[in-house]
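Below is one structure, written out as structure tokens; the observations come after it.
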Amino acid sequence: MSNSKQRLIAIAAIIIVALLGINAFLLWNKYGLEEKNAQQEVKIDETQELLKDMETQYHEAISELDEMKGSNEELNTIIEEQKTELEKQRAKYSRVLSSGKATKADLEDARAQLSQLRTQLDSFVAENNILKEEKQALTQQAVRLTEEKTVLQEEVEKERTMNTELQTVRAELVSEKEGLEAEKLELEKKVDIASVVKVQTVEVTGWKIKKSGKATKKKYAKNVDRLRICFDATENAVVPAGKEYFFVRIINPLGETLAVEGLGSGVLTDAKNQDVRYTKRKEFEYNNEAMQSCMNWEPNVAFAPGNYEVEVYNKGYLSGKGAFSLK
């Protein structure tokens with residue numbers, strides 16, 4: 001009886017020790033589970049917070065990128081590329097963090113990537129702001145250049161208008177000058193005409209020169225050695241007193257001008273600006289009074305029979321004419 005009791009007490013003691021051990025294990029395991037659950041809850045909280053932060057920053061970044069869009073198609077393309085890259089990163093880390101299997105390394109990697117994307121976005125925004133400032137400066141410069149161009153165009157237009165007016169005035173002055181010159185030439189022509197000494201009674205006689213030097217008047221061409229031309233210069237009060245030159249032109253029956261360069265023949269320019277060949281020039285002092293002048297023509301060649309004409313020029317104008325015949 002005593003042994004059974006002792007035996008029961010021993011068994012009870014073993015059972016108690018075993019129960020205490022099991023209880024201690026259960027308490028330890030419970031503590032471990034509670035700690036693990038606490039860590040898991042912290043991890044879940046961190047994951048949710050990271051997901052929330054990532055979503056917030058994603059939408060802020062998308063909003064900032066959309067605000068930077070404008071009329072520049074090249075810039076808009078770059079912005080869309082940035083948005084696409086952000087969406088890829090967001091989808092990648094959302095899958096990892098939402099799976100519930102994210103490790104601590106995954107969380108740290110997600111935080112690092114999020115920080116890097118933020119840095120890249122800030123850098124992109126900063127560069128875009130610099131580009132905006134440069135664009136604004138260029139726009140202001142373009143506006144200034146446009147204003148300067150407008151001012152220059154107005155000045156050019158004024159210059160063009162002034163040039164047109166000057167050309168008009170110049171044309172009027174040229175026209176007026178030409179008119180005055182024409183009037184002057186007309187007056188000079190009238191003065192020249194008025195100053196021409198008219199010639200009357202142009203007479204030509206044929207002479208034969210004998211060996212003794214005595215001259216006798218002849219009518220037959222074969223006997224004539226010399227032609228004597230005399231003309232009467234009329235009175236002209238307009239002409240200043242002084243030397244006057246008369247150019248005598250003798251035209252033979254064939255219509256040819258008798259001329260020998262060695263005997264004083266030459267060419268004059270008449271009032272019509274035409275060249276006229278003359279036979280001989282006569283020079284004498286003119287005192288505004290009627291006077292007669294004579295000259296001889298001895299070409300040392302035979303004269304042709306027939307009708308001759310004589311023209312006398314003064315100051316380029318035909319001032320008188322006559323005719324004669326040789327048998």
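If you're wondering about the labels, chains in the structure tokens are A, B, ... by order shown, residues count from 1 in each chain, ligands from 1 in order shown.
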
#### Entry: DSSP-assigned strand (DSSP E or B) among segment 163-293 of chain A, expressed as a PyMOL selection string
chain A and resi 199-209+215-218+226-233+242-251+257+266-269+275-278+280-286+291-293

Residue selection dump (C-alpha atoms) as a JSON list (two decimals), in the first residue's frame:
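Wrote it out as again10.json, contents follow:
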[["chain", "number", "residue", "atom", "x", "y", "z"],
["A", 199, "VAL", "CA", 25.02, 138.00, -147.42],
["A", 200, "GLN", "CA", 23.57, 139.56, -150.55],
["A", 201, "THR", "CA", 24.65, 139.84, -154.19],
["A", 202, "VAL", "CA", 26.96, 136.88, -154.48],
["A", 203, "GLU", "CA", 28.84, 137.31, -157.77],
["A", 204, "VAL", "CA", 31.42, 134.98, -159.33],
["A", 205, "THR", "CA", 33.49, 135.83, -162.40],
["A", 206, "GLY", "CA", 36.08, 133.84, -164.37],
["A", 207, "TRP", "CA", 39.55, 135.22, -165.06],
["A", 208, "LYS", "CA", 42.50, 134.25, -167.23],
["A", 209, "ILE", "CA", 45.95, 135.00, -165.81],
["A", 215, "ALA", "CA", 44.15, 139.11, -165.41],
["A", 216, "THR", "CA", 41.34, 139.30, -167.96],
["A", 217, "LYS", "CA", 37.73, 138.32, -167.49],
["A", 218, "LYS", "CA", 36.63, 135.15, -169.37],
["A", 226, "ARG", "CA", 40.78, 131.87, -161.45],
["A", 227, "LEU", "CA", 37.35, 132.38, -159.95],
["A", 228, "ARG", "CA", 36.75, 135.62, -158.12],
["A", 229, "ILE", "CA", 33.91, 135.49, -155.60],
["A", 230, "CYS", "CA", 32.49, 138.73, -154.19],
["A", 231, "PHE", "CA", 29.57, 139.15, -151.79],
["A", 232, "ASP", "CA", 27.97, 141.96, -149.83],
["A", 233, "ALA", "CA", 27.76, 141.51, -146.05],
["A", 242, "GLY", "CA", 35.25, 142.33, -134.74],
["A", 243, "LYS", "CA", 36.41, 139.46, -136.88],
["A", 244, "GLU", "CA", 33.82, 137.59, -138.90],
["A", 245, "TYR", "CA", 34.38, 134.34, -140.76],
["A", 246, "PHE", "CA", 32.57, 133.43, -143.95],
["A", 247, "PHE", "CA", 32.83, 129.96, -145.48],
["A", 248, "VAL", "CA", 32.34, 129.85, -149.25],
["A", 249, "ARG", "CA", 31.22, 126.63, -150.90],
["A", 250, "ILE", "CA", 31.43, 126.32, -154.71],
["A", 251, "ILE", "CA", 29.45, 123.41, -156.17],
["A", 257, "THR", "CA", 32.16, 120.76, -153.79],
["A", 266, "GLY", "CA", 37.91, 122.15, -145.05],
["A", 267, "VAL", "CA", 34.74, 120.96, -143.28],
["A", 268, "LEU", "CA", 32.36, 123.01, -141.12],
["A", 269, "THR", "CA", 29.54, 121.86, -138.83],
["A", 275, "ASP", "CA", 29.32, 118.30, -141.74],
["A", 276, "VAL", "CA", 29.52, 120.57, -144.78],
["A", 277, "ARG", "CA", 32.59, 120.69, -146.98],
["A", 278, "TYR", "CA", 33.61, 124.20, -148.00],
["A", 280, "LYS", "CA", 37.57, 128.49, -148.86],
["A", 281, "ARG", "CA", 37.20, 130.64, -145.77],
["A", 282, "LYS", "CA", 37.13, 134.46, -145.83],
["A", 283, "GLU", "CA", 38.02, 136.48, -142.74],
["A", 284, "PHE", "CA", 37.64, 140.25, -142.32],
["A", 285, "GLU", "CA", 36.91, 142.94, -139.73],
["A", 286, "TYR", "CA", 33.22, 143.62, -139.46],
["A", 291, "MET", "CA", 30.46, 145.98, -146.80],
["A", 292, "GLN", "CA", 31.72, 143.98, -149.73],
["A", 293, "SER", "CA", 34.34, 141.26, -149.53]]

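Residues in contact range of Pro240 of chain A, defined as at most 9 Å between only C-alpha atoms, with sequence neighbours fewer than 6 positions away removed, read Ser195, Tyr286, Asn287 and Asn288 of chain A.
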
Write to file, as a compact mmCIF listing (two decimals), in the first residue's frame, the residues of the selection just made, with N, CA and C atoms.
# COMPACT_ATOMS: atom_id res chain seq x y z
N SER A 195 22.48 136.73 -134.81
CA SER A 195 23.84 137.26 -134.96
C SER A 195 24.48 136.88 -136.30
N TYR A 286 34.60 143.19 -139.22
CA TYR A 286 33.22 143.62 -139.46
C TYR A 286 32.85 144.68 -138.43
N ASN A 287 32.31 145.81 -138.95
CA ASN A 287 31.97 146.95 -138.07
C ASN A 287 30.47 147.22 -138.03
N ASN A 288 29.69 146.18 -138.19
CA ASN A 288 28.22 146.28 -138.14
C ASN A 288 27.65 147.07 -139.32

### Message
Just checking: using only C-alpha atoms, which residue out of A:Gln167, A:Gln82, A:Asn296, A:Thr139 ends up closest to Met68 of chain A?
### Response
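Answer, going by the shortest atom-to-atom distance: A:Gln82.
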
### Pairwise distance for atom CA of Gly322 of chain A and atom CA of Val310 of chain A, rounded to one decimal in Å
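That distance, rounded to one decimal, is 5.0 Å.
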
With a distance cut-off of 12 Å and only C-alpha atoms, select the neighbouring residues of Thr84 of chain A, excluding the residue or stretch itself and same-chain residues fewer than 4 positions from it, and output the selection as a compact mmCIF listing (two decimals) with N, CA and C atoms, in the first residue's frame.
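New file result-v3.txt:
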# COMPACT_ATOMS: atom_id res chain seq x y z
N TYR A 58 4.00 58.85 -56.55
CA TYR A 58 3.73 58.53 -57.96
C TYR A 58 2.74 59.53 -58.55
N ALA A 61 4.24 62.94 -58.87
CA ALA A 61 5.17 63.00 -60.00
C ALA A 61 4.42 63.09 -61.32
N ILE A 62 3.35 62.25 -61.45
CA ILE A 62 2.55 62.28 -62.67
C ILE A 62 1.93 63.67 -62.87
N LEU A 65 4.61 66.12 -63.93
CA LEU A 65 4.98 65.90 -65.33
C LEU A 65 3.91 66.43 -66.28
N THR A 77 7.07 64.27 -75.57
CA THR A 77 7.48 62.87 -75.77
C THR A 77 8.36 62.39 -74.62
N ILE A 78 9.30 63.25 -74.20
CA ILE A 78 10.18 62.90 -73.07
C ILE A 78 9.37 62.72 -71.79
N ILE A 79 8.38 63.61 -71.56
CA ILE A 79 7.53 63.52 -70.37
C ILE A 79 6.75 62.21 -70.36
N GLU A 80 6.20 61.82 -71.50
CA GLU A 80 5.46 60.55 -71.58
C GLU A 80 6.39 59.38 -71.29
N LYS A 88 6.14 51.69 -64.69
CA LYS A 88 6.79 50.39 -64.62
C LYS A 88 7.34 50.13 -63.22
N GLN A 89 8.04 51.11 -62.66
CA GLN A 89 8.61 50.97 -61.32
C GLN A 89 7.51 50.79 -60.27
N ARG A 90 6.46 51.56 -60.43
CA ARG A 90 5.34 51.46 -59.47
C ARG A 90 4.72 50.07 -59.51
N ALA A 91 4.47 49.54 -60.73
CA ALA A 91 3.86 48.21 -60.87
C ALA A 91 4.77 47.14 -60.30

### Query
Between atom CA of Gly306 of chain A and atom CA of Phe324 of chain A, what is the distance, to one decimal in Å?
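If I compute the distance from atom CA of Gly306 of chain A to atom CA of Phe324 of chain A, I get 8.6 Å.
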
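The gap separating atom CA of Leu173 of chain A from atom CA of Asn273 of chain A is 27.6 Å, in Å to one decimal.
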
### Query
Leaving out Pro305 of chain A and any residue of its chain fewer than 6 positions from it, which residues lie within 8 Å of it when counting only C-alpha atoms, given as a VMD selection string?
chain A and resid 220 to 222 253 325 to 327

### Task
Among the residues of segment 89-272 of chain A, find those DSSP assigns to helix (DSSP H, G or I) from the backbone and print them as a ChimeraX atom specification.
/A:89-98,104-195,221-223,261-263

#### Entry: For Lys132 of chain A: contacts at 12 Å, only C-alpha atoms, fewer than 6 positions along chain excluded, given as an MDAnalysis selection string
chainID A and resid 68:70 72 75 125:126 138:140
